[in-house]
file my_file-v6.csv (CSV, C-alpha atoms and all ligand atoms)
chain,number,residue,atom,x,y,z
A,104,MET,CA,-1.1,-2.8,-4.7
A,105,GLU,CA,-3.7,-4.1,-2.3
A,106,THR,CA,-6.8,-2.2,-1.2
A,107,LEU,CA,-6.8,-1.2,2.4
A,108,GLU,CA,-9.1,-3.5,4.3
A,109,PRO,CA,-10.0,-1.8,7.6
A,110,LYS,CA,-10.7,-4.1,10.6
A,111,ILE,CA,-12.2,-2.2,13.6
A,112,LEU,CA,-11.5,-3.2,17.2
A,113,ARG,CA,-13.6,-1.3,19.8
A,114,PHE,CA,-12.7,-0.5,23.4
A,115,ASP,CA,-14.6,1.3,26.1
A,116,SER,CA,-11.5,3.0,27.6
A,117,LEU,CA,-7.9,3.1,26.6
A,118,PRO,CA,-4.9,5.3,27.7
A,119,SER,CA,-4.4,6.1,24.0
A,120,THR,CA,-5.7,4.5,20.8
A,121,ASN,CA,-2.3,5.4,19.1
A,122,THR,CA,-0.4,3.7,21.9
A,123,GLU,CA,-2.5,0.6,21.6
A,124,ALA,CA,-2.3,0.6,17.7
A,125,ALA,CA,1.5,1.1,18.0
A,126,ARG,CA,1.8,-1.8,20.5
A,127,ARG,CA,0.0,-4.1,18.1
A,128,ALA,CA,2.0,-2.9,15.1
A,129,MET,CA,5.2,-3.8,17.0
A,130,GLN,CA,3.7,-7.3,17.4
A,131,GLY,CA,3.1,-7.5,13.6
A,132,ALA,CA,-0.5,-6.3,13.3
A,133,GLU,CA,-1.6,-6.1,9.7
A,134,GLU,CA,-2.2,-2.9,7.8
A,135,GLY,CA,-5.8,-1.7,8.3
A,136,LEU,CA,-6.2,-2.5,12.0
A,137,CYS,CA,-8.3,0.3,13.5
A,138,ILE,CA,-8.5,0.9,17.2
A,139,VAL,CA,-11.5,2.9,18.4
A,140,ALA,CA,-12.2,3.9,22.0
A,141,ARG,CA,-15.1,5.7,23.7
A,142,GLU,CA,-12.6,7.5,26.0
A,143,GLN,CA,-8.9,7.9,26.3
A,144,THR,CA,-7.3,8.5,29.7
A,145,ALA,CA,-3.9,9.6,28.3
A,146,GLY,CA,-4.8,10.8,24.8
A,147,ARG,CA,-1.7,12.3,23.0
A,148,GLY,CA,-1.5,15.2,20.6
A,149,ARG,CA,1.2,16.6,18.4
A,150,LEU,CA,4.3,18.1,19.9
A,151,GLN,CA,4.0,16.2,23.2
A,152,ARG,CA,0.6,17.8,24.0
A,153,GLN,CA,-2.2,16.2,25.8
A,154,TRP,CA,-5.5,15.3,23.9
A,155,VAL,CA,-8.4,15.7,26.2
A,156,SER,CA,-10.6,12.7,25.5
A,157,PRO,CA,-13.7,12.4,27.7
A,158,ALA,CA,-16.1,9.5,27.1
A,159,GLY,CA,-18.5,10.1,24.2
A,160,ALA,CA,-17.2,13.6,23.6
A,161,GLY,CA,-15.1,12.6,20.6
A,162,LEU,CA,-14.2,10.0,18.0
A,163,TYR,CA,-10.9,8.5,19.1
A,164,PHE,CA,-9.5,6.4,16.2
A,165,SER,CA,-6.1,5.0,15.2
A,166,ILE,CA,-5.2,3.0,12.1
A,167,VAL,CA,-2.1,0.9,11.3
A,168,LEU,CA,-0.6,1.4,7.9
A,169,ARG,CA,2.3,-0.4,6.1
A,170,PRO,CA,2.9,2.0,3.2
A,171,TRP,CA,5.1,0.9,0.3
A,172,ILE,CA,5.8,4.4,-1.0
A,173,ASP,CA,9.3,5.8,-0.7
A,174,ALA,CA,10.3,6.8,2.8
A,175,SER,CA,10.8,10.4,1.6
A,176,LEU,CA,7.0,10.6,0.9
A,177,TRP,CA,5.8,9.3,4.3
A,178,SER,CA,5.5,12.9,5.3
A,179,LEU,CA,2.4,13.0,3.1
A,180,ILE,CA,0.6,10.5,5.3
A,181,PRO,CA,-0.7,13.2,7.7
A,182,LEU,CA,-1.8,15.4,4.8
A,183,MET,CA,-3.6,12.4,3.2
A,184,ALA,CA,-5.3,11.7,6.5
A,185,ALA,CA,-6.5,15.3,6.8
A,186,LEU,CA,-8.0,15.1,3.4
A,187,ALA,CA,-9.8,11.9,4.3
A,188,VAL,CA,-11.4,13.6,7.4
A,189,HIS,CA,-12.3,16.6,5.2
A,190,ASP,CA,-14.0,14.3,2.7
A,191,ALA,CA,-15.9,12.3,5.4
A,192,LEU,CA,-17.2,15.4,7.2
A,193,LEU,CA,-18.3,17.0,3.9
A,194,GLN,CA,-20.0,13.8,2.6
A,195,THR,CA,-21.7,12.6,5.8
A,196,CYS,CA,-22.2,15.8,7.8
A,197,LYS,CA,-22.3,18.4,5.0
A,198,VAL,CA,-19.7,20.4,7.0
A,199,GLU,CA,-17.1,22.2,4.9
A,200,THR,CA,-13.9,22.3,6.9
A,201,ASP,CA,-10.5,24.0,6.4
A,202,ILE,CA,-7.1,22.3,6.8
A,203,LYS,CA,-4.4,24.1,8.8
A,204,TRP,CA,-0.9,22.9,7.9
A,205,PRO,CA,-0.1,20.1,8.2
A,206,ASN,CA,-3.2,18.3,9.4
A,207,ASP,CA,-5.5,20.2,11.8
A,208,ILE,CA,-9.1,20.3,10.7
A,209,LEU,CA,-10.8,23.6,11.5
A,210,PHE,CA,-14.4,24.9,11.3
A,211,ALA,CA,-15.0,28.6,11.7
A,212,GLU,CA,-11.3,28.9,12.5
A,213,LYS,CA,-11.6,26.7,15.6
A,214,LYS,CA,-10.1,23.2,15.9
A,215,LEU,CA,-12.6,20.4,15.1
A,216,CYS,CA,-10.1,17.5,14.7
A,217,GLY,CA,-6.5,16.7,15.3
A,218,ILE,CA,-4.3,14.1,13.7
A,219,LEU,CA,-1.2,12.4,15.2
A,220,ALA,CA,0.9,10.3,12.7
A,221,GLU,CA,3.7,8.2,14.2
A,222,THR,CA,6.3,5.9,12.7
A,223,ILE,CA,6.8,2.5,14.3
A,224,GLU,CA,10.0,0.3,13.7
A,225,SER,CA,9.3,-3.4,14.3
A,226,ASP,CA,10.7,-6.8,13.4
A,227,THR,CA,8.0,-7.0,10.7
A,228,GLY,CA,9.2,-3.7,9.1
A,229,ARG,CA,8.3,-0.1,9.4
A,230,ALA,CA,4.6,0.9,10.1
A,231,ALA,CA,2.8,4.1,10.5
A,232,VAL,CA,0.0,4.7,13.0
A,233,VAL,CA,-2.4,7.5,12.2
A,234,GLY,CA,-4.5,8.7,15.1
A,235,ILE,CA,-7.6,10.9,14.5
A,236,GLY,CA,-9.5,12.7,17.2
A,237,ILE,CA,-12.7,14.4,16.1
A,238,ASN,CA,-14.6,16.5,18.6
A,239,LEU,CA,-18.3,15.4,18.7
A,240,ASN,CA,-19.4,17.9,21.4
A,241,THR,CA,-17.5,20.1,23.8
A,242,GLU,CA,-19.7,20.0,26.9
A,243,ALA,CA,-17.2,17.9,28.8
A,244,PHE,CA,-14.2,20.0,27.8
A,245,PRO,CA,-12.5,22.4,30.2
A,246,VAL,CA,-13.6,26.0,29.6
A,247,GLU,CA,-10.2,27.2,28.2
A,248,LEU,CA,-10.4,24.4,25.6
A,249,ARG,CA,-13.9,25.5,24.5
A,250,GLU,CA,-12.5,28.8,23.4
A,251,VAL,CA,-10.2,27.3,20.8
A,252,ALA,CA,-12.0,24.1,20.0
A,253,THR,CA,-15.3,23.4,18.2
A,254,SER,CA,-17.3,20.2,17.6
A,255,LEU,CA,-19.2,18.5,14.9
A,256,GLU,CA,-22.4,19.0,16.8
A,257,ALA,CA,-21.8,22.7,16.9
A,258,ALA,CA,-20.9,22.8,13.2
A,259,MET,CA,-24.0,20.9,12.2
A,260,GLY,CA,-26.3,22.5,14.7
A,261,LYS,CA,-27.8,19.2,15.7
A,262,ALA,CA,-27.0,15.8,17.3
A,263,LEU,CA,-25.2,13.4,15.0
A,264,ASP,CA,-24.7,9.7,14.3
A,265,ALA,CA,-21.1,9.0,15.5
A,266,GLU,CA,-21.1,5.5,13.9
A,267,ALA,CA,-22.0,7.0,10.5
A,268,VAL,CA,-19.1,9.4,10.8
A,269,LEU,CA,-16.7,6.6,11.7
A,270,GLN,CA,-17.8,4.4,8.8
A,271,SER,CA,-17.5,7.4,6.4
A,272,LEU,CA,-14.1,8.2,7.8
A,273,VAL,CA,-12.8,4.7,7.3
A,274,GLN,CA,-14.1,4.6,3.7
A,275,ALA,CA,-12.6,8.1,2.9
A,276,PHE,CA,-9.3,7.0,4.5
A,277,ALA,CA,-9.1,3.9,2.3
A,278,ARG,CA,-9.8,5.9,-0.8
A,279,ARG,CA,-7.2,8.6,-0.1
A,280,TYR,CA,-4.7,6.1,1.0
A,281,GLU,CA,-5.1,4.2,-2.3
A,282,ILE,CA,-4.6,7.5,-4.2
A,283,LEU,CA,-1.4,8.2,-2.2
A,284,GLN,CA,0.1,4.9,-3.2
A,285,ALA,CA,-1.0,5.0,-6.9
A,286,THR,CA,1.3,6.3,-9.7
A,287,GLY,CA,1.2,10.1,-9.6
A,288,GLY,CA,-0.7,9.8,-6.3
A,289,PRO,CA,1.6,11.9,-4.1
A,290,GLY,CA,1.3,14.8,-6.5
A,291,GLU,CA,-2.5,14.5,-6.4
A,292,ILE,CA,-2.5,14.5,-2.6
A,293,VAL,CA,-0.5,17.7,-2.6
A,294,ARG,CA,-2.8,19.3,-5.2
A,295,GLU,CA,-6.0,18.2,-3.4
A,296,TRP,CA,-4.7,19.3,0.0
A,297,SER,CA,-3.8,22.7,-1.5
A,298,ARG,CA,-7.3,23.0,-3.0
A,299,CYS,CA,-9.0,22.2,0.4
A,300,SER,CA,-6.9,24.5,2.6
A,301,THR,CA,-6.9,28.2,2.9
A,302,TYR,CA,-3.3,27.9,4.3
A,303,THR,CA,-1.8,27.0,1.0
A,304,ASN,CA,-1.1,30.4,-0.5
A,305,GLY,CA,-1.1,34.0,0.6
A,306,LYS,CA,-2.0,33.3,4.3
A,307,ARG,CA,-0.3,35.5,6.9
A,308,VAL,CA,1.1,33.0,9.5
A,309,CYS,CA,3.3,32.8,12.5
A,310,VAL,CA,5.6,29.7,12.5
A,311,SER,CA,7.1,28.1,15.5
A,312,SER,CA,9.6,25.4,14.5
A,313,GLY,CA,12.7,24.0,16.2
A,314,GLY,CA,12.7,26.6,18.9
A,315,GLU,CA,12.5,29.5,16.4
A,316,VAL,CA,9.5,31.7,15.8
A,317,PHE,CA,9.0,33.8,12.6
A,318,SER,CA,6.1,35.2,10.6
A,319,GLY,CA,5.5,35.4,6.9
A,320,VAL,CA,3.1,34.6,4.1
A,321,THR,CA,2.5,31.0,2.8
A,322,ARG,CA,3.7,30.2,-0.7
A,323,GLY,CA,2.4,26.7,-1.4
A,324,LEU,CA,3.6,23.2,-0.6
A,325,GLU,CA,6.8,21.2,-1.6
A,326,SER,CA,6.3,17.8,-3.2
A,327,ASP,CA,6.8,16.1,0.2
A,328,GLY,CA,4.1,18.3,1.9
A,329,ALA,CA,6.4,20.8,3.5
A,330,LEU,CA,5.0,24.4,3.7
A,331,ARG,CA,6.8,27.3,1.9
A,332,VAL,CA,6.7,30.5,3.9
A,333,GLU,CA,8.0,33.9,2.6
A,334,THR,CA,9.4,35.8,5.6
A,335,ASP,CA,9.1,39.5,6.0
A,336,ALA,CA,12.6,39.8,4.7
A,337,GLY,CA,11.6,38.1,1.4
A,338,GLU,CA,13.3,34.8,2.1
A,339,ILE,CA,11.5,31.5,1.3
A,340,ARG,CA,11.7,29.2,4.3
A,341,VAL,CA,10.6,25.5,4.0
A,342,VAL,CA,8.7,24.3,7.1
A,343,ARG,CA,8.8,20.6,7.8
A,344,ALA,CA,7.8,20.5,11.5
A,345,GLY,CA,6.3,22.7,14.1
A,346,ASP,CA,3.2,24.8,14.5
A,347,VAL,CA,1.7,27.3,12.1
A,348,THR,CA,-1.0,29.7,13.2
A,349,SER,CA,-2.9,32.2,11.2
A,350,VAL,CA,-2.3,35.9,12.1
A,351,ARG,CA,-5.5,37.9,11.8
A,352,PRO,CA,-5.3,41.1,9.8
A,353,GLU,CA,-6.4,43.2,12.8
A,354,LEU,CA,-3.5,41.8,14.8
A,355,GLN,CA,-1.1,42.5,12.0
A,356,ASN,CA,-2.2,46.2,12.1
A,357,ARG,CA,-1.8,46.3,15.8
A,358,GLU,CA,1.8,45.0,15.4
A,359,ARG,CA,2.7,47.9,13.2
B,1,LIG,C1,-3.1,17.1,17.7
B,1,LIG,O1,-3.8,17.9,17.0
B,1,LIG,O2,-2.3,17.5,18.5
B,1,LIG,C2,-3.3,15.7,17.4
B,1,LIG,C3,-4.3,15.0,18.2
B,1,LIG,C4,-4.5,13.6,17.9
B,1,LIG,C5,-5.6,12.9,18.8
B,1,LIG,C6,-5.9,11.5,18.4
B,1,LIG,S1,-7.3,10.9,19.3
B,1,LIG,C7,-6.9,9.3,18.7
B,1,LIG,C8,-5.4,9.1,18.7
B,1,LIG,N1,-5.0,8.7,20.0
B,1,LIG,C9,-4.2,9.6,20.6
B,1,LIG,O3,-3.7,9.4,21.8
B,1,LIG,N2,-4.1,10.6,19.9
B,1,LIG,C10,-4.8,10.5,18.6
call {"tool": "encode", "arguments": {"input": "my_file-v6.csv", "output": "C-alpha cells"}}
result
Amino acid sequence: METLEPKILRFDSLPSTNTEAARRAMQGAEEGLCIVAREQTAGRGRLQRQWVSPAGAGLYFSIVLRPWIDASLWSLIPLMAALAVHDALLQTCKVETDIKWPNDILFAEKKLCGILAETIESDTGRAAVVGIGINLNTEAFPVELREVATSLEAAMGKALDAEAVLQSLVQAFARRYEILQATGGPGEIVREWSRCSTYTNGKRVCVSSGGEVFSGVTRGLESDGALRVETDAGEIRVVRAGDVTSVRPELQNRER
C-alpha cells in the first residue's frame, strides 16, 4: 500500500471544488490531487443542497482518492474524512468537535463543517472525490444560515491561520486514509468514529431517509458505517442514507 501523497492545486474561484476534482479524476488524475478554492460560485452539499461559499469565509477543499478497499467498505470514506477533520481541528485549533452521522462536524451543536463524498466512474477505474467545507467565519453568510451554522473563528474566539488548518487537514486525512486501508483498519475507523461522536449510542434522533421520517434512539454503527436506530416501537432500523437530526429533550417532552 502506498502512502497518500497530497498535491495541492489552488484556485481563486471555482463553481465547485468537487466538480473540478471529479472532472480531473475522469481524465485520470492521480490519487492525492487536492483542489482548493477561495470561493465557490456553485458549491454543492449533501442531498442536492447548496453550499454557500463566499470568498475567504470558508476552506473549500476536495481530494481525489483511488481506494483499493472492498467496494462494500467505501461507505466508510465519509466517516474517515470526518475523523480527519475532527483530528485537525483538535490538533491545530484546540477545538473539540462532535460528529453528526455520517459526517457533519458540529461545534456547540451548530454546523462547522460539511463533507460531500462522491464516486466517479472513469476509464482509469473508480475514484472517490471527498469535498470538505469548513466555515472560517460567518460574517458573509445569510442571516438564516448564521442561526444553524458556526465557524472556526467563533469556536476559537480569535482569528485563525487558514493555511495552517489546511496543512493540518491534509496530514490528518493522509493518516486516517492509511488506517482505513490497513489490515483491521475499517474496524478501527468505526471504533474511532464511535468514540468521537455523541451520536453513536443513546441519542434521541429524527431520521429522514428515502422519503420516510421516523424517530428513535441510536444504537451504534454497523461495520460499514451505517447507523442503527431503535424506533419507538422497539424495532432496530439500519440507516444508510439520509439525514439524522438530534431531538432535544425539551422538544421530546413537548411532543408528549
Ligand atoms: C454538506 O454538509 O451538505 C456537505 C457540504 C460539502 C461542501 C464542500 S465545500 C468543498 C466541496 N465542494 C463542493 O461543492 N462541496 C464540497
call {"tool": "residues_around", "arguments": {"input": "my_file-v6.csv", "residues": "Arg294 in chain A", "least_positions_apart": "2", "cutoff": "12 Å", "atoms": "all atoms listed in the file", "output": "number ranges by chain"}}
result
A: 179, 182-183, 186, 282-283, 287-292, 296-300, 303, 323-328
call {"tool": "residues_around", "arguments": {"input": "my_file-v6.csv", "residues": "Leu330 in chain A", "least_positions_apart": "5", "cutoff": "12 Å", "atoms": "only C-alpha atoms", "output": "MDAnalysis selection string"}}
result
chainID A and resid 178:179 182 203:206 293 296:297 300 302:306 308 310 312 319:325 339:347
call {"tool": "axis_aligned_box", "arguments": {"input": "my_file-v6.csv", "around": "ligand LIG 1 (chain B)", "padding_each_side": "8 Å", "output": "JSON"}}
result
{"center_x": -4.8, "center_y": 13.3, "center_z": 19.4, "size_x": 21.0, "size_y": 25.2, "size_z": 20.8}
call {"tool": "closest_residue", "arguments": {"input": "my_file-v6.csv", "among": "A:Ala258, A:Ala277, A:Leu248, A:Ala128", "to": "Cys196 in chain A", "atoms": "only C-alpha atoms"}}
result
A:Ala258
call {"tool": "residues_near_ligand", "arguments": {"input": "my_file-v6.csv", "ligand": "ligand LIG 1 (chain B)", "cutoff": "7 Å", "atoms": "only C-alpha atoms and all ligand atoms", "output": "ChimeraX atom specification"}}
result
/A:119-122,145-150,152,154,163-165,207,216-219,234-236
call {"tool": "write_last_selection", "arguments": {"input": "my_file-v6.csv", "atoms": "C-alpha atoms", "output": "mmCIF file, in the coordinates of the input"}}
result
data_model
loop_
_atom_site.group_PDB
_atom_site.id
_atom_site.type_symbol
_atom_site.label_atom_id
_atom_site.label_comp_id
_atom_site.auth_asym_id
_atom_site.auth_seq_id
_atom_site.Cartn_x
_atom_site.Cartn_y
_atom_site.Cartn_z
ATOM 1 C CA SER A 119 -4.400 6.100 24.000
ATOM 2 C CA THR A 120 -5.700 4.500 20.800
ATOM 3 C CA ASN A 121 -2.300 5.400 19.100
ATOM 4 C CA THR A 122 -0.400 3.700 21.900
ATOM 5 C CA ALA A 145 -3.900 9.600 28.300
ATOM 6 C CA GLY A 146 -4.800 10.800 24.800
ATOM 7 C CA ARG A 147 -1.700 12.300 23.000
ATOM 8 C CA GLY A 148 -1.500 15.200 20.600
ATOM 9 C CA ARG A 149 1.200 16.600 18.400
ATOM 10 C CA LEU A 150 4.300 18.100 19.900
ATOM 11 C CA ARG A 152 0.600 17.800 24.000
ATOM 12 C CA TRP A 154 -5.500 15.300 23.900
ATOM 13 C CA TYR A 163 -10.900 8.500 19.100
ATOM 14 C CA PHE A 164 -9.500 6.400 16.200
ATOM 15 C CA SER A 165 -6.100 5.000 15.200
ATOM 16 C CA ASP A 207 -5.500 20.200 11.800
ATOM 17 C CA CYS A 216 -10.100 17.500 14.700
ATOM 18 C CA GLY A 217 -6.500 16.700 15.300
ATOM 19 C CA ILE A 218 -4.300 14.100 13.700
ATOM 20 C CA LEU A 219 -1.200 12.400 15.200
ATOM 21 C CA GLY A 234 -4.500 8.700 15.100
ATOM 22 C CA ILE A 235 -7.600 10.900 14.500
ATOM 23 C CA GLY A 236 -9.500 12.700 17.200
#
call {"tool": "atom_distance", "arguments": {"input": "my_file-v6.csv", "atom1": "CA of Ala243 in chain A", "atom2": "CA of Ser156 in chain A"}}
result
9.0 Å
call {"tool": "atom_distance", "arguments": {"input": "my_file-v6.csv", "atom1": "CA of Glu281 in chain A", "atom2": "CA of Ala220 in chain A"}}
result
17.3 Å
call {"tool": "closest_residue", "arguments": {"input": "my_file-v6.csv", "among": "A:Thr144, A:Ser175, A:Ser349, A:Ser225", "to": "Pro118 in chain A", "atoms": "only C-alpha atoms"}}
result
A:Thr144
call {"tool": "residues_around", "arguments": {"input": "my_file-v6.csv", "residues": "Val232 in chain A", "least_positions_apart": "3", "cutoff": "7 Å", "atoms": "all atoms listed in the file", "output": "list in words"}}
result
Asn121, Ala124, Ala125, Ser165, Ile166, Val167, Leu168, Ala220, Glu221 and Thr222 of chain A
call {"tool": "atom_distance", "arguments": {"input": "my_file-v6.csv", "atom1": "CA of Ala132 in chain A", "atom2": "CA of Phe114 in chain A"}}
result
16.9 Å
call {"tool": "closest_residue", "arguments": {"input": "my_file-v6.csv", "among": "A:Lys214, A:Lys110, A:Lys261, A:Arg278", "to": "Ala184 in chain A", "atoms": "all atoms listed in the file"}}
result
A:Arg278
call {"tool": "closest_residue", "arguments": {"input": "my_file-v6.csv", "among": "A:Ala140, A:Glu108, A:Thr200, A:Ile172", "to": "Thr286 in chain A", "atoms": "all atoms listed in the file"}}
result
A:Ile172
call {"tool": "residues_near_point", "arguments": {"input": "my_file-v6.csv", "point": "(7.8, -10.0, 10.4)", "cutoff": "10 Å", "atoms": "only C-alpha atoms", "output": "MDAnalysis selection string"}}
result
chainID A and resid 129:132 225:229
call {"tool": "closest_residue", "arguments": {"input": "my_file-v6.csv", "among": "A:Val273, A:Cys309, A:Leu215, A:Ala191", "to": "Leu107 in chain A", "atoms": "all atoms listed in the file"}}
result
A:Val273
call {"tool": "closest_residue", "arguments": {"input": "my_file-v6.csv", "among": "A:Leu269, A:Val350, A:Ala329, A:Leu255", "to": "Ile208 in chain A", "atoms": "all atoms listed in the file"}}
result
A:Leu255
call {"tool": "build_atoms", "arguments": {"input": "my_file-v6.csv", "residues": "range 136-146 of chain A", "atoms": "all heavy atoms", "output": "short mmCIF file (atom, residue, chain, number, x, y, z; two decimals), in the frame of the given file"}}
result
data_model
loop_
_atom_site.label_atom_id
_atom_site.label_comp_id
_atom_site.auth_asym_id
_atom_site.auth_seq_id
_atom_site.Cartn_x
_atom_site.Cartn_y
_atom_site.Cartn_z
N LEU A 136 -5.62 -2.36 10.61
CA LEU A 136 -6.20 -2.50 12.00
C LEU A 136 -6.56 -1.14 12.49
O LEU A 136 -5.75 -0.20 12.49
CB LEU A 136 -5.11 -3.14 12.90
CG LEU A 136 -5.55 -3.20 14.37
CD1 LEU A 136 -6.69 -4.19 14.57
CD2 LEU A 136 -4.39 -3.53 15.29
N CYS A 137 -7.81 -1.01 12.91
CA CYS A 137 -8.30 0.30 13.50
C CYS A 137 -8.66 0.06 14.92
O CYS A 137 -9.37 -0.89 15.26
CB CYS A 137 -9.57 0.72 12.75
SG CYS A 137 -9.41 0.92 10.99
N ILE A 138 -8.18 0.94 15.77
CA ILE A 138 -8.50 0.90 17.20
C ILE A 138 -9.39 2.10 17.50
O ILE A 138 -9.03 3.23 17.19
CB ILE A 138 -7.21 0.99 18.05
CG1 ILE A 138 -6.19 -0.09 17.64
CG2 ILE A 138 -7.53 0.94 19.53
CD1 ILE A 138 -6.54 -1.50 18.05
N VAL A 139 -10.54 1.82 18.08
CA VAL A 139 -11.50 2.90 18.40
C VAL A 139 -11.81 2.78 19.91
O VAL A 139 -12.02 1.69 20.42
CB VAL A 139 -12.80 2.74 17.59
CG1 VAL A 139 -13.81 3.81 17.98
CG2 VAL A 139 -12.51 2.83 16.11
N ALA A 140 -11.83 3.92 20.62
CA ALA A 140 -12.20 3.90 22.00
C ALA A 140 -13.24 4.97 22.33
O ALA A 140 -13.24 6.02 21.69
CB ALA A 140 -10.94 4.14 22.90
N ARG A 141 -14.09 4.69 23.31
CA ARG A 141 -15.10 5.70 23.70
C ARG A 141 -14.46 6.81 24.51
O ARG A 141 -14.91 7.93 24.51
CB ARG A 141 -16.17 5.00 24.56
CG ARG A 141 -17.47 4.75 23.82
CD ARG A 141 -18.46 4.01 24.69
NE ARG A 141 -18.73 4.68 25.97
CZ ARG A 141 -19.44 5.79 26.14
NH1 ARG A 141 -19.96 6.38 25.09
NH2 ARG A 141 -19.63 6.31 27.33
N GLU A 142 -13.39 6.45 25.26
CA GLU A 142 -12.60 7.50 26.00
C GLU A 142 -11.16 7.13 25.99
O GLU A 142 -10.80 5.96 25.85
CB GLU A 142 -13.14 7.66 27.43
CG GLU A 142 -12.56 6.68 28.38
CD GLU A 142 -12.75 6.97 29.87
OE1 GLU A 142 -13.10 8.10 30.26
OE2 GLU A 142 -12.53 6.03 30.64
N GLN A 143 -10.30 8.16 26.13
CA GLN A 143 -8.90 7.90 26.30
C GLN A 143 -8.48 8.61 27.64
O GLN A 143 -8.86 9.75 27.90
CB GLN A 143 -8.07 8.57 25.19
CG GLN A 143 -8.37 7.99 23.81
CD GLN A 143 -7.47 8.58 22.74
OE1 GLN A 143 -6.72 7.89 22.10
NE2 GLN A 143 -7.56 9.88 22.54
N THR A 144 -7.69 7.88 28.42
CA THR A 144 -7.30 8.50 29.70
C THR A 144 -5.93 9.15 29.62
O THR A 144 -5.54 9.87 30.53
CB THR A 144 -7.23 7.35 30.79
OG1 THR A 144 -6.42 6.28 30.27
CG2 THR A 144 -8.63 6.82 31.10
N ALA A 145 -5.21 8.90 28.53
CA ALA A 145 -3.90 9.60 28.30
C ALA A 145 -3.77 9.87 26.82
O ALA A 145 -2.75 9.53 26.20
CB ALA A 145 -2.77 8.70 28.82
N GLY A 146 -4.80 10.52 26.25
CA GLY A 146 -4.80 10.80 24.80
C GLY A 146 -3.60 11.76 24.51
O GLY A 146 -3.29 12.67 25.28
#
